[in-house]
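run_3.cif follows (mmCIF, C-alpha atoms):
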data_query
#
loop_
_atom_site.label_atom_id
_atom_site.label_comp_id
_atom_site.auth_asym_id
_atom_site.auth_seq_id
_atom_site.Cartn_x
_atom_site.Cartn_y
_atom_site.Cartn_z
CA MET A 1 10.08 21.52 3.19
CA ASN A 2 7.51 19.13 4.64
CA PHE A 3 7.79 15.38 5.33
CA LEU A 4 6.34 14.43 1.95
CA GLU A 5 8.53 16.74 -0.12
CA GLU A 6 11.54 15.34 1.73
CA ARG A 7 10.45 11.81 0.94
CA ILE A 8 9.88 12.63 -2.74
CA LEU A 9 13.40 14.08 -2.98
CA LYS A 10 14.81 11.01 -1.25
CA ASP A 11 12.95 8.22 -3.06
CA GLY A 12 11.11 9.73 -6.05
CA ILE A 13 12.56 9.17 -9.50
CA VAL A 14 12.11 11.66 -12.33
CA LYS A 15 11.67 10.08 -15.74
CA SER A 16 11.46 11.78 -19.11
CA GLY A 17 8.03 13.04 -20.16
CA ASN A 18 7.32 14.65 -16.78
CA VAL A 19 6.86 11.30 -15.08
CA LEU A 20 7.51 11.16 -11.34
CA LYS A 21 7.86 7.62 -10.04
CA VAL A 22 6.92 7.25 -6.38
CA ASP A 23 6.04 3.60 -6.56
CA SER A 24 8.52 2.58 -3.87
CA PHE A 25 6.46 4.29 -1.17
CA LEU A 26 3.13 5.57 -2.50
CA ASN A 27 1.39 3.77 -5.35
CA HIS A 28 2.74 0.24 -5.74
CA GLN A 29 4.68 -0.45 -2.57
CA MET A 30 3.19 1.58 0.30
CA ASP A 31 5.07 2.81 3.35
CA ILE A 32 2.44 2.48 6.06
CA SER A 33 4.05 4.96 8.49
CA LEU A 34 3.99 7.54 5.71
CA MET A 35 0.31 6.79 4.99
CA GLU A 36 -0.47 7.34 8.67
CA GLU A 37 1.42 10.63 8.64
CA ILE A 38 -0.50 11.71 5.53
CA GLY A 39 -3.75 10.81 7.30
CA ARG A 40 -2.82 12.96 10.30
CA GLU A 41 -1.78 15.86 8.07
CA PHE A 42 -5.09 15.92 6.17
CA LYS A 43 -6.91 15.73 9.50
CA ARG A 44 -4.97 18.77 10.66
CA ARG A 45 -5.72 20.71 7.47
CA PHE A 46 -9.46 19.92 7.41
CA GLN A 47 -10.10 19.69 11.15
CA ASP A 48 -12.54 22.63 10.98
CA LYS A 49 -14.81 20.66 8.61
CA PRO A 50 -17.60 18.30 9.77
CA ILE A 51 -16.48 15.42 7.55
CA THR A 52 -18.84 12.41 7.42
CA LYS A 53 -17.30 10.48 4.52
CA VAL A 54 -13.95 10.21 2.81
CA LEU A 55 -14.32 9.58 -0.92
CA THR A 56 -11.62 8.30 -3.25
CA ILE A 57 -11.26 6.28 -6.45
CA GLU A 58 -9.67 2.91 -7.00
CA ALA A 59 -6.95 1.83 -6.86
CA SER A 60 -4.05 3.80 -5.41
CA GLY A 61 -6.24 6.33 -3.57
CA ILE A 62 -7.61 3.59 -1.31
CA GLY A 63 -4.52 2.98 0.81
CA ILE A 64 -4.29 6.69 1.59
CA ALA A 65 -7.99 7.40 2.06
CA VAL A 66 -8.44 4.70 4.72
CA PHE A 67 -5.93 6.45 7.00
CA VAL A 68 -7.62 9.82 6.46
CA ALA A 69 -10.98 8.22 7.26
CA LYS A 70 -9.47 6.64 10.37
CA GLU A 71 -8.37 10.07 11.63
CA PHE A 72 -11.86 11.50 11.12
CA GLY A 73 -13.57 8.38 12.49
CA VAL A 74 -15.77 8.07 9.39
CA PRO A 75 -16.27 5.49 6.61
CA MET A 76 -14.30 5.58 3.38
CA VAL A 77 -16.06 5.07 0.05
CA PHE A 78 -14.12 4.30 -3.09
CA ALA A 79 -15.55 4.94 -6.52
CA LYS A 80 -15.09 2.26 -9.12
CA LYS A 81 -13.81 2.79 -12.61
CA SER A 82 -15.92 1.10 -15.19
CA LYS A 83 -15.84 0.84 -18.94
CA SER A 84 -19.54 0.13 -18.89
CA ILE A 85 -22.08 -0.31 -16.16
CA ASN A 86 -22.32 -3.86 -14.91
CA ILE A 87 -22.85 -3.32 -11.20
CA ASP A 88 -26.43 -3.81 -10.11
CA GLY A 89 -28.45 -1.37 -8.08
CA ASP A 90 -28.77 2.34 -8.27
CA LEU A 91 -25.57 4.15 -9.02
CA PHE A 92 -24.27 7.65 -9.36
CA VAL A 93 -22.36 7.62 -12.65
CA ALA A 94 -19.96 10.29 -13.86
CA GLU A 95 -18.60 10.03 -17.36
CA VAL A 96 -15.11 11.46 -17.49
CA GLU A 97 -13.05 12.03 -20.56
CA SER A 98 -9.34 11.48 -20.19
CA PHE A 99 -7.27 14.38 -21.55
CA THR A 100 -4.33 12.05 -21.92
CA HIS A 101 -5.85 8.97 -23.46
CA LYS A 102 -8.80 10.60 -25.26
CA ASN A 103 -11.09 7.83 -24.06
CA LYS A 104 -14.12 8.00 -21.79
CA ASN A 105 -14.45 6.19 -18.52
CA GLN A 106 -17.23 5.91 -16.04
CA VAL A 107 -16.75 6.55 -12.36
CA VAL A 108 -19.49 4.97 -10.25
CA VAL A 109 -20.63 5.05 -6.62
CA SER A 110 -23.65 3.30 -5.16
CA LYS A 111 -26.44 5.69 -4.17
CA ARG A 112 -26.60 3.92 -0.82
CA PHE A 113 -23.28 5.39 0.30
CA LEU A 114 -23.60 9.11 -0.41
CA ASN A 115 -26.51 11.40 0.39
CA ALA A 116 -27.48 15.01 1.01
CA ASP A 117 -26.45 14.84 4.69
CA ASP A 118 -22.87 13.94 3.82
CA HIS A 119 -19.91 16.27 4.17
CA VAL A 120 -17.31 14.79 1.89
CA LEU A 121 -13.54 14.98 1.85
CA ILE A 122 -12.19 13.75 -1.48
CA ILE A 123 -8.72 12.16 -1.38
CA ASP A 124 -6.39 10.99 -4.12
CA ASP A 125 -2.72 10.26 -4.60
CA PHE A 126 -2.04 12.30 -7.75
CA LEU A 127 -3.56 15.32 -9.43
CA ALA A 128 -2.50 16.10 -12.98
CA ASN A 129 -5.33 16.96 -15.37
CA GLY A 130 -7.89 16.15 -12.73
CA CYS A 131 -10.29 14.01 -14.73
CA ALA A 132 -10.86 11.46 -11.99
CA LEU A 133 -11.31 14.18 -9.36
CA GLN A 134 -13.84 15.99 -11.53
CA GLY A 135 -15.79 12.74 -11.69
CA LEU A 136 -15.70 12.40 -7.89
CA ILE A 137 -16.85 16.00 -7.40
CA SER A 138 -19.63 15.44 -9.90
CA ILE A 139 -20.81 12.34 -8.03
CA ALA A 140 -20.77 14.08 -4.64
CA GLU A 141 -22.80 16.93 -6.15
CA MET A 142 -25.29 14.47 -7.69
CA ALA A 143 -25.80 13.03 -4.22
CA GLY A 144 -26.52 16.52 -2.87
CA ALA A 145 -23.57 16.12 -0.51
CA THR A 146 -21.31 18.99 0.52
CA VAL A 147 -17.78 18.79 -0.86
CA GLU A 148 -15.81 20.17 2.07
CA GLY A 149 -12.50 19.87 0.34
CA LEU A 150 -10.04 17.83 -1.64
CA GLY A 151 -6.77 16.43 -0.34
CA ILE A 152 -4.09 15.39 -2.81
CA VAL A 153 -0.75 13.86 -1.99
CA ILE A 154 1.17 15.05 -5.08
CA GLU A 155 -0.10 17.72 -7.47
CA LYS A 156 1.61 18.31 -10.79
CA GLY A 157 1.42 22.08 -10.69
CA PHE A 158 2.37 22.44 -14.34
CA GLN A 159 -0.76 20.58 -15.43
CA ILE A 160 -4.23 22.02 -15.46
CA GLY A 161 -6.14 20.01 -12.83
CA GLY A 162 -5.32 22.01 -9.71
CA ARG A 163 -6.12 25.34 -11.32
CA VAL A 164 -9.48 24.11 -12.63
CA ILE A 165 -10.57 22.79 -9.25
CA ARG A 166 -9.45 25.92 -7.34
CA ASN A 167 -11.14 28.11 -9.97
CA LEU A 168 -14.37 26.23 -9.32
CA GLY A 169 -14.13 27.40 -5.72
CA TYR A 170 -13.22 24.14 -4.03
CA ARG A 171 -10.73 24.02 -1.23
CA LEU A 172 -7.86 21.93 -2.55
CA GLU A 173 -4.91 21.02 -0.35
CA SER A 174 -1.94 19.29 -1.94
CA LEU A 175 0.82 18.06 0.33
CA ALA A 176 3.38 18.61 -2.42
CA ILE A 177 3.00 20.65 -5.59
CA VAL A 178 5.62 19.86 -8.21
CA ASP A 179 6.09 22.91 -10.42
CA ALA A 180 8.90 21.50 -12.53
CA MET A 181 10.88 18.34 -13.08
CA ASP A 182 14.01 17.85 -15.08
CA GLY A 183 14.28 14.42 -16.65
CA GLU A 184 17.99 14.99 -17.38
CA THR A 185 19.23 16.07 -13.95
CA GLY A 186 16.41 14.61 -11.84
CA LYS A 187 15.85 18.01 -10.22
CA ILE A 188 12.37 18.58 -8.72
CA THR A 189 11.06 22.07 -8.00
CA PHE A 190 8.28 22.33 -5.40
CA ARG A 191 5.91 25.26 -5.17
CA GLU A 192 6.34 27.31 -1.99
CA GLN A 193 3.13 26.95 0.03
CA MET D 16 -19.32 -16.91 15.70
CA ASN D 17 -16.55 -14.35 15.23
CA PHE D 18 -16.80 -10.58 14.69
CA LEU D 19 -16.74 -10.88 10.93
CA GLU D 20 -19.38 -13.61 10.69
CA GLU D 21 -21.60 -11.47 12.93
CA ARG D 22 -21.09 -8.47 10.68
CA ILE D 23 -21.86 -10.49 7.55
CA LEU D 24 -25.12 -11.71 9.09
CA LYS D 25 -26.00 -8.14 10.12
CA ASP D 26 -25.11 -6.24 6.93
CA GLY D 27 -24.40 -8.75 4.16
CA ILE D 28 -27.04 -9.27 1.50
CA VAL D 29 -27.49 -12.57 -0.29
CA LYS D 30 -28.43 -12.24 -3.95
CA SER D 31 -29.36 -14.94 -6.40
CA GLY D 32 -26.50 -16.70 -8.17
CA ASN D 33 -24.49 -17.16 -4.96
CA VAL D 34 -23.66 -13.47 -4.74
CA LEU D 35 -22.90 -12.08 -1.29
CA LYS D 36 -22.97 -8.30 -1.21
CA VAL D 37 -20.79 -6.82 1.52
CA ASP D 38 -20.28 -3.47 -0.15
CA SER D 39 -21.65 -1.48 2.76
CA PHE D 40 -18.63 -2.35 4.93
CA LEU D 41 -15.96 -4.22 2.96
CA ASN D 42 -15.52 -3.55 -0.74
CA HIS D 43 -17.13 -0.27 -1.75
CA GLN D 44 -17.81 1.54 1.51
CA MET D 45 -15.25 0.47 4.11
CA ASP D 46 -15.80 0.43 7.87
CA ILE D 47 -12.38 1.47 9.14
CA SER D 48 -12.82 0.03 12.66
CA LEU D 49 -13.62 -3.32 11.09
CA MET D 50 -10.53 -3.07 8.85
CA GLU D 51 -8.40 -2.44 11.95
CA GLU D 52 -9.96 -5.44 13.69
CA ILE D 53 -9.26 -7.60 10.64
CA GLY D 54 -5.65 -6.36 10.69
CA ARG D 55 -5.26 -7.36 14.35
CA GLU D 56 -6.87 -10.76 13.76
CA PHE D 57 -4.49 -11.66 10.90
CA LYS D 58 -1.58 -10.50 13.07
CA ARG D 59 -2.78 -12.86 15.79
CA ARG D 60 -3.13 -15.79 13.36
CA PHE D 61 0.26 -15.29 11.69
CA GLN D 62 2.23 -13.90 14.62
CA ASP D 63 4.62 -16.89 14.53
CA LYS D 64 5.73 -15.96 11.01
CA PRO D 65 8.58 -13.54 10.21
CA ILE D 66 6.54 -11.49 7.74
CA THR D 67 8.50 -8.84 5.79
CA LYS D 68 5.88 -7.87 3.18
CA VAL D 69 2.12 -7.95 2.85
CA LEU D 70 1.06 -8.60 -0.75
CA THR D 71 -2.38 -7.98 -2.21
CA ILE D 72 -4.02 -7.10 -5.52
CA GLU D 73 -5.91 -3.99 -6.52
CA ALA D 74 -8.44 -2.76 -5.75
CA SER D 75 -10.48 -3.95 -2.77
CA GLY D 76 -7.62 -5.86 -1.16
CA ILE D 77 -5.68 -2.65 -0.59
CA GLY D 78 -7.82 -1.18 2.20
CA ILE D 79 -7.51 -4.41 4.17
CA ALA D 80 -3.86 -5.16 3.46
CA VAL D 81 -2.64 -1.77 4.72
CA PHE D 82 -4.02 -2.52 8.20
CA VAL D 83 -2.44 -5.98 8.22
CA ALA D 84 0.88 -4.42 7.15
CA LYS D 85 0.51 -1.81 9.90
CA GLU D 86 0.18 -4.56 12.53
CA PHE D 87 3.33 -6.30 11.27
CA GLY D 88 5.21 -3.02 10.80
CA VAL D 89 6.10 -3.90 7.20
CA PRO D 90 5.38 -2.40 3.75
CA MET D 91 2.37 -3.40 1.69
CA VAL D 92 2.75 -4.13 -2.01
CA PHE D 93 -0.25 -4.31 -4.29
CA ALA D 94 -0.14 -6.14 -7.59
CA LYS D 95 -1.68 -4.43 -10.56
CA LYS D 96 -4.11 -5.98 -12.96
CA SER D 97 -3.19 -5.37 -16.54
CA LYS D 98 -4.67 -6.37 -19.85
CA SER D 99 -1.27 -5.90 -21.40
CA ILE D 100 2.06 -4.77 -20.08
CA ASN D 101 2.49 -1.04 -20.25
CA ILE D 102 4.38 -0.36 -17.05
CA ASP D 103 8.06 0.22 -17.61
CA GLY D 104 10.87 -1.55 -15.80
CA ASP D 105 11.35 -5.11 -14.80
CA LEU D 106 8.21 -6.87 -13.70
CA PHE D 107 7.08 -10.19 -12.37
CA VAL D 108 4.11 -11.12 -14.55
CA ALA D 109 1.60 -13.87 -13.85
CA GLU D 110 -0.95 -14.68 -16.48
CA VAL D 111 -4.16 -15.82 -14.83
CA GLU D 112 -7.16 -17.25 -16.56
CA SER D 113 -10.48 -16.35 -15.06
CA PHE D 114 -12.72 -19.39 -14.53
CA THR D 115 -15.74 -17.13 -14.53
CA HIS D 116 -15.08 -14.81 -17.43
CA LYS D 117 -12.91 -17.14 -19.53
CA ASN D 118 -10.50 -14.31 -20.27
CA LYS D 119 -6.85 -13.92 -19.37
CA ASN D 120 -5.46 -11.16 -17.21
CA GLN D 121 -2.00 -10.26 -16.18
CA VAL D 122 -1.06 -9.64 -12.58
CA VAL D 123 2.15 -7.64 -12.28
CA VAL D 124 4.55 -6.61 -9.51
CA SER D 125 7.78 -4.68 -9.93
CA LYS D 126 10.88 -6.78 -9.29
CA ARG D 127 12.14 -4.03 -7.01
CA PHE D 128 9.55 -4.83 -4.34
CA LEU D 129 9.84 -8.59 -3.85
CA ASN D 130 12.97 -10.68 -3.48
CA ALA D 131 14.33 -13.94 -2.12
CA ASP D 132 14.71 -12.52 1.40
CA ASP D 133 11.02 -11.71 1.67
CA HIS D 134 8.54 -13.60 3.82
CA VAL D 135 5.20 -12.78 2.30
CA LEU D 136 1.69 -12.74 3.72
CA ILE D 137 -0.87 -12.58 0.92
CA ILE D 138 -4.13 -10.81 1.76
CA ASP D 139 -7.39 -10.44 -0.16
CA ASP D 140 -11.02 -9.70 0.53
CA PHE D 141 -12.65 -12.62 -1.29
CA LEU D 142 -11.67 -16.11 -2.32
CA ALA D 143 -13.90 -17.95 -4.77
CA ASN D 144 -12.09 -19.72 -7.60
CA GLY D 145 -8.81 -18.24 -6.51
CA CYS D 146 -7.46 -17.03 -9.85
CA ALA D 147 -6.09 -13.77 -8.50
CA LEU D 148 -4.53 -15.51 -5.48
CA GLN D 149 -2.87 -18.08 -7.70
CA GLY D 150 -1.32 -15.19 -9.62
CA LEU D 151 -0.03 -13.63 -6.39
CA ILE D 152 1.45 -16.94 -5.20
CA SER D 153 3.08 -17.40 -8.59
CA ILE D 154 4.66 -13.94 -8.41
CA ALA D 155 5.97 -14.48 -4.88
CA GLU D 156 7.49 -17.79 -6.00
CA MET D 157 9.07 -16.14 -9.07
CA ALA D 158 10.74 -13.69 -6.70
CA GLY D 159 12.10 -16.58 -4.65
CA ALA D 160 10.21 -15.22 -1.63
CA THR D 161 8.68 -17.46 1.03
CA VAL D 162 4.88 -17.50 1.06
CA GLU D 163 4.22 -17.71 4.79
CA GLY D 164 0.49 -17.77 4.39
CA LEU D 165 -2.65 -16.34 2.89
CA GLY D 166 -5.29 -14.38 4.77
CA ILE D 167 -8.75 -14.04 3.28
CA VAL D 168 -11.66 -12.12 4.71
CA ILE D 169 -14.48 -14.12 3.11
CA GLU D 170 -14.02 -17.50 1.45
CA LYS D 171 -16.77 -19.04 -0.62
CA GLY D 172 -16.33 -22.57 0.64
CA PHE D 173 -18.51 -24.05 -2.08
CA GLN D 174 -16.13 -22.86 -4.79
CA ILE D 175 -12.84 -24.45 -5.62
CA GLY D 176 -10.23 -21.81 -4.68
CA GLY D 177 -9.70 -22.62 -1.00
CA ARG D 178 -9.33 -26.34 -1.62
CA VAL D 179 -6.79 -25.82 -4.40
CA ILE D 180 -4.61 -23.55 -2.28
CA ARG D 181 -4.75 -25.80 0.80
CA ASN D 182 -4.00 -28.83 -1.39
CA LEU D 183 -0.89 -27.05 -2.63
CA GLY D 184 0.28 -26.96 1.00
CA TYR D 185 -0.16 -23.28 1.70
CA ARG D 186 -1.45 -22.08 5.03
CA LEU D 187 -4.74 -20.35 4.26
CA GLU D 188 -6.72 -18.58 6.96
CA SER D 189 -10.19 -17.30 6.10
CA LEU D 190 -12.00 -15.20 8.69
CA ALA D 191 -15.34 -16.46 7.41
CA ILE D 192 -16.03 -19.45 5.19
CA VAL D 193 -19.46 -19.39 3.61
CA ASP D 194 -20.50 -22.95 2.85
CA ALA D 195 -23.97 -22.13 1.58
CA MET D 196 -26.20 -19.20 0.78
CA ASP D 197 -29.89 -19.19 0.04
CA GLY D 198 -30.93 -16.42 -2.35
CA GLU D 199 -34.57 -16.96 -1.43
CA THR D 200 -34.41 -16.78 2.35
CA GLY D 201 -31.11 -14.88 2.67
CA LYS D 202 -29.78 -17.60 4.99
CA ILE D 203 -25.99 -17.90 5.20
CA THR D 204 -24.28 -21.04 6.50
CA PHE D 205 -20.74 -20.62 7.83
CA ARG D 206 -18.26 -23.45 8.13
CA GLU D 207 -17.35 -24.31 11.72
CA GLN D 208 -13.64 -23.54 12.15
#
Kindly transcribe the structure held in the file into structure tokens.
Amino acid sequence: MNFLEERILKDGIVKSGNVLKVDSFLNHQMDISLMEEIGREFKRRFQDKPITKVLTIEASGIGIAVFVAKEFGVPMVFAKKSKSINIDGDLFVAEVESFTHKNKNQVVVSKRFLNADDHVLIIDDFLANGCALQGLISIAEMAGATVEGLGIVIEKGFQIGGRVIRNLGYRLESLAIVDAMDGETGKITFREQ
Amino acid sequence: MNFLEERILKDGIVKSGNVLKVDSFLNHQMDISLMEEIGREFKRRFQDKPITKVLTIEASGIGIAVFVAKEFGVPMVFAKKSKSINIDGDLFVAEVESFTHKNKNQVVVSKRFLNADDHVLIIDDFLANGCALQGLISIAEMAGATVEGLGIVIEKGFQIGGRVIRNLGYRLESLAIVDAMDGETGKITFREQ
């Protein structure tokens, strides 16, 4: 069991409806030492890749992605979620449909911050159905950049996102893959990696 | 002139309508070395305070606040913006009215992450009219926490927010205070501090 799985068992809370609350250390209150450790771990896993940019999406990805970017010594770019375009300038826009909420959202990145010379590592805190990640991949591809990989802190292995992205041929590394959760007992089953 | 004012002059872009674009290094693409320097500078300015939590608001505050929290060796908590409450559990909720958009937004923080023993340093990237900051102060006060100070990266000195917060007696430190901008010539005038 790795450092993150241990932390999830210690401080994560399983709620009914396959909800895993990790807001005491990951996505509301953030434990900075843990973020640094996550940064070092993604550096280790993608150290063979010539990363030039770390790409994430607001909001909770930001606090993780900055520490990954720090390890690689590169800038971090965060995509913005937008109901409609109101940011000026030339933008890459991906329209992503939420499987959960049935609504459409736009994910936008300024064209000034991604280009064909970039080797991108995409980072996010959670992967479930993968809508946001698909938008980020789409934007990196629009820019002509190379998607070197995707680093996720917690993947819900029983939802479709991880399979879709691996099927598309991308290298996806998740620090913890939750294959099952029991809302009654609180038991969490991690995938052996 | 300090490191941030120099960087604003180098890479900031003045647009008409008193808009200062700093998205190439601060709030869309982030220069991680600069974020670390900002973290160290706020540590220096508030080193006499017994900070236990750094508090910010999503999204662009997060990437700055984590480096401030790292310097103090404390957790970072980010408030969430919400049109309506849909997060479960007990929350501190501040309703803030935007001076610019005339709409109301809720700023929410879980009651589990702020309490009367906390000494809070509030961090954000921009201060203009100060609506979001007022919401953060209000939440810290609801928790019974001590607001030890507020650290802002760029204050628009010609808007009302900074004056309001200083008038209320809070210690507000802005790394750069822009007193005037000329959309025609691109000239930026910083307040002498």
For this session: Would you kindly report the residues of chain D within 8 Å of chain A, using all atoms listed in the file, as a PyMOL selection string?
Result: chain D and resi 39+43-48+73-75+77-78+81+84-85+88-94+128
Exercise. Do you know which residues are at most 10 Å from stretch 19-26 of chain D counting all atoms listed in the file, after dropping those on the same chain fewer than 4 positions away, and could you put them as a list in words?
Worked result: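 Contacts, with the query itself left out: Leu35, Lys36, Val37, Asp38, Ser39, Phe40, Leu41, Leu49, Glu52, Ile53, Val168, Ile169, Leu190, Ala191, Ile192, Val193, Gly201, Lys202, Ile203, Thr204 and Phe205 of chain D.
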For this session: Considering all atoms listed in the file, state which residue in the set A:Asn2, A:Ala180, A:Phe92, A:Val120 is at the smallest distance from A:Gln193.
Result: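 Ranked by minimum distance to A:Gln193, first place goes to A:Asn2.
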For this session: May I ask for the distance between atom CA of A:Gln47 and atom CA of A:Glu155, given in Å to one decimal place?
Result: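 These atoms are spaced 21.2 Å apart.
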Problem set entry | Coordinates-based distance that separates atom CA of D:Leu151 from atom CA of D:Ala109 (Å, one decimal) |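 About the pair atom CA of D:Ala109 and atom CA of D:Leu151: they are 7.6 Å apart.
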Please, can stretch 147-165 of chain A be completed to N, CA and C atoms and returned as an mmCIF file, in the coordinates of the input?
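Ended up saving to result28.cif:
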data_model
loop_
_atom_site.group_PDB
_atom_site.id
_atom_site.type_symbol
_atom_site.label_atom_id
_atom_site.label_comp_id
_atom_site.auth_asym_id
_atom_site.auth_seq_id
_atom_site.Cartn_x
_atom_site.Cartn_y
_atom_site.Cartn_z
ATOM 1 N N VAL A 147 -19.213 19.080 -0.686
ATOM 2 C CA VAL A 147 -17.780 18.790 -0.860
ATOM 3 C C VAL A 147 -17.009 19.778 0.006
ATOM 4 N N GLU A 148 -16.495 19.285 1.129
ATOM 5 C CA GLU A 148 -15.810 20.170 2.070
ATOM 6 C C GLU A 148 -14.385 20.488 1.635
ATOM 7 N N GLY A 149 -13.847 19.614 0.806
ATOM 8 C CA GLY A 149 -12.500 19.870 0.340
ATOM 9 C C GLY A 149 -11.932 18.675 -0.384
ATOM 10 N N LEU A 150 -10.752 18.892 -0.939
ATOM 11 C CA LEU A 150 -10.040 17.830 -1.640
ATOM 12 C C LEU A 150 -8.610 17.796 -1.140
ATOM 13 N N GLY A 151 -8.140 16.605 -0.819
ATOM 14 C CA GLY A 151 -6.770 16.430 -0.340
ATOM 15 C C GLY A 151 -5.996 15.547 -1.291
ATOM 16 N N ILE A 152 -4.902 16.102 -1.814
ATOM 17 C CA ILE A 152 -4.090 15.390 -2.810
ATOM 18 C C ILE A 152 -2.693 15.204 -2.236
ATOM 19 N N VAL A 153 -2.107 14.068 -2.486
ATOM 20 C CA VAL A 153 -0.750 13.860 -1.990
ATOM 21 C C VAL A 153 0.246 14.621 -2.875
ATOM 22 N N ILE A 154 0.229 14.375 -4.180
ATOM 23 C CA ILE A 154 1.170 15.050 -5.080
ATOM 24 C C ILE A 154 0.408 15.684 -6.240
ATOM 25 N N GLU A 155 0.518 16.994 -6.350
ATOM 26 C CA GLU A 155 -0.100 17.720 -7.470
ATOM 27 C C GLU A 155 0.992 18.084 -8.472
ATOM 28 N N LYS A 156 0.711 17.830 -9.736
ATOM 29 C CA LYS A 156 1.610 18.310 -10.790
ATOM 30 C C LYS A 156 1.160 19.720 -11.149
ATOM 31 N N GLY A 157 1.854 20.696 -10.583
ATOM 32 C CA GLY A 157 1.420 22.080 -10.690
ATOM 33 C C GLY A 157 1.495 22.649 -12.096
ATOM 34 N N PHE A 158 2.225 21.968 -12.957
ATOM 35 C CA PHE A 158 2.370 22.440 -14.340
ATOM 36 C C PHE A 158 1.273 21.866 -15.239
ATOM 37 N N GLN A 159 0.388 21.056 -14.666
ATOM 38 C CA GLN A 159 -0.760 20.580 -15.430
ATOM 39 C C GLN A 159 -2.008 21.277 -14.916
ATOM 40 N N ILE A 160 -3.109 21.106 -15.621
ATOM 41 C CA ILE A 160 -4.230 22.020 -15.460
ATOM 42 C C ILE A 160 -5.169 21.716 -14.290
ATOM 43 N N GLY A 161 -5.118 20.468 -13.776
ATOM 44 C CA GLY A 161 -6.140 20.010 -12.830
ATOM 45 C C GLY A 161 -6.325 20.879 -11.602
ATOM 46 N N GLY A 162 -5.231 21.245 -10.936
ATOM 47 C CA GLY A 162 -5.320 22.010 -9.710
ATOM 48 C C GLY A 162 -5.962 23.372 -9.931
ATOM 49 N N ARG A 163 -5.573 24.022 -11.020
ATOM 50 C CA ARG A 163 -6.120 25.340 -11.320
ATOM 51 C C ARG A 163 -7.629 25.265 -11.560
ATOM 52 N N VAL A 164 -8.053 24.276 -12.333
ATOM 53 C CA VAL A 164 -9.480 24.110 -12.630
ATOM 54 C C VAL A 164 -10.281 23.959 -11.337
ATOM 55 N N ILE A 165 -9.795 23.090 -10.462
ATOM 56 C CA ILE A 165 -10.570 22.790 -9.250
ATOM 57 C C ILE A 165 -10.584 23.995 -8.299
#
